[in-house]
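Everything on this sheet refers to the single structure shown next.
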Amino acid sequence: MTVHPSSRTQIQALIASLAGTDVQRETAVARLTVIGARAVERLVALVEAGAASPAPARAAALRTLEGIGDARALDAALDALDDPDDRVATAAASAVRPFLRGRRGPLAVDRLTAIALDTARPGRIRAAAVQTLGSLERSTLTPLWKALKDDADPTVRALVGSRGPKKEDPAGEAVALLGNAAERGLPDDPGTVRHAITLAGGTVALSQLHAIIERVREREAAEAGAARRGEWMRARAAAHAALANRGSLLAVYDLREALESADAPLPVEFLAALTLVGDRSCLEPIAAAYARARASQGWWRQHLADAFRAIVARERITRRNAVIKKIEKRWGDALRALWAGTAGRAG
């Protein structure tokens, strides 16, 4: 496929962004997925570069290739199943999904089945293989589910269940996983939790979502590595978004505390939840975070401002309010910027 020079330059810049910040990476994934087949060769090259490229960039490239679904990605995804970095290997397992029913489907199914059964591999990689295989017909997978139903790894057991994942009811499986996570304990893979919340966060009990936020917060704090903490934080953010979309104020305190302790931009779902359900007690932490933010963090400042203004409007707060006066005294410059979009308010 011929790639126009201007497109080549754009693709190259987006590929480079996969090694950037979380926001840069997610934006690049979205844009490269839209570009589609023209970006496949460079994405495959990034994956095949191995340790010469950062693991988050390789994992993001695999997620993009999954979204594009071009057959040229299959060999790179199969090779990446053996990547020493768990994030890359789990992304590779998902990237194989579009090819399970294609000409080379039997090879892909065999590789994923071998990984699912390999107890020497990390549980999160085996679970990713199980999730990908779960998109196939139940009759095809019955022997595997039988072999795994009593597996020693709790995440694998939770995914398989007593009868194995049901293609016709993925939300039902997600509900079961979230119930188990809330009442018994989290699986080892934060991505599994986040995906389940995306599927079933609108139907499980609000108390379960709240319990998951509490459990995830504890797990997040216990993780030694920044990357792993970030993955759990994104799972917590998804739970906050699910609660907020249902109008629940159960975890507003955690939104407030997350802002107070943040030394870097939070996942955007935190800001979305603040915008929907934050109250006046969140205004000071928002202003403090805005004042701490660097000028280069424009997207973060904009989301903070949007949340601030939404709360001011919802609670009908004026410049004469005691909270606003307190903010003005401590963060006057920040307040002037935050208040700029609240035209028409009293005072």
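Labels used: A, B, ... for chains in the order of the structure tokens, numbers from 1 for residues in each chain, and numbers from 1 for ligands as shown.
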What lies within 12 Å of Ser53 of chain A using only C-alpha atoms, ignoring chain neighbours under 5 positions off, as a PyMOL selection string? chain A and resi 15-16+18-20+43-48+58-61+85+88
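Reported to one decimal place, the separation of atom CA of Leu144 of chain A from atom CA of Val160 of chain A is 9.2 Å.
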Could you tell me how far atom CA of Leu335 of chain A sits from atom CA of Phe308 of chain A, in Å to one decimal place? 9.8 Å
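For the pair atom CA of Asp79 of chain A and atom CA of Ser94 of chain A, the interatomic distance is 13.0 Å.
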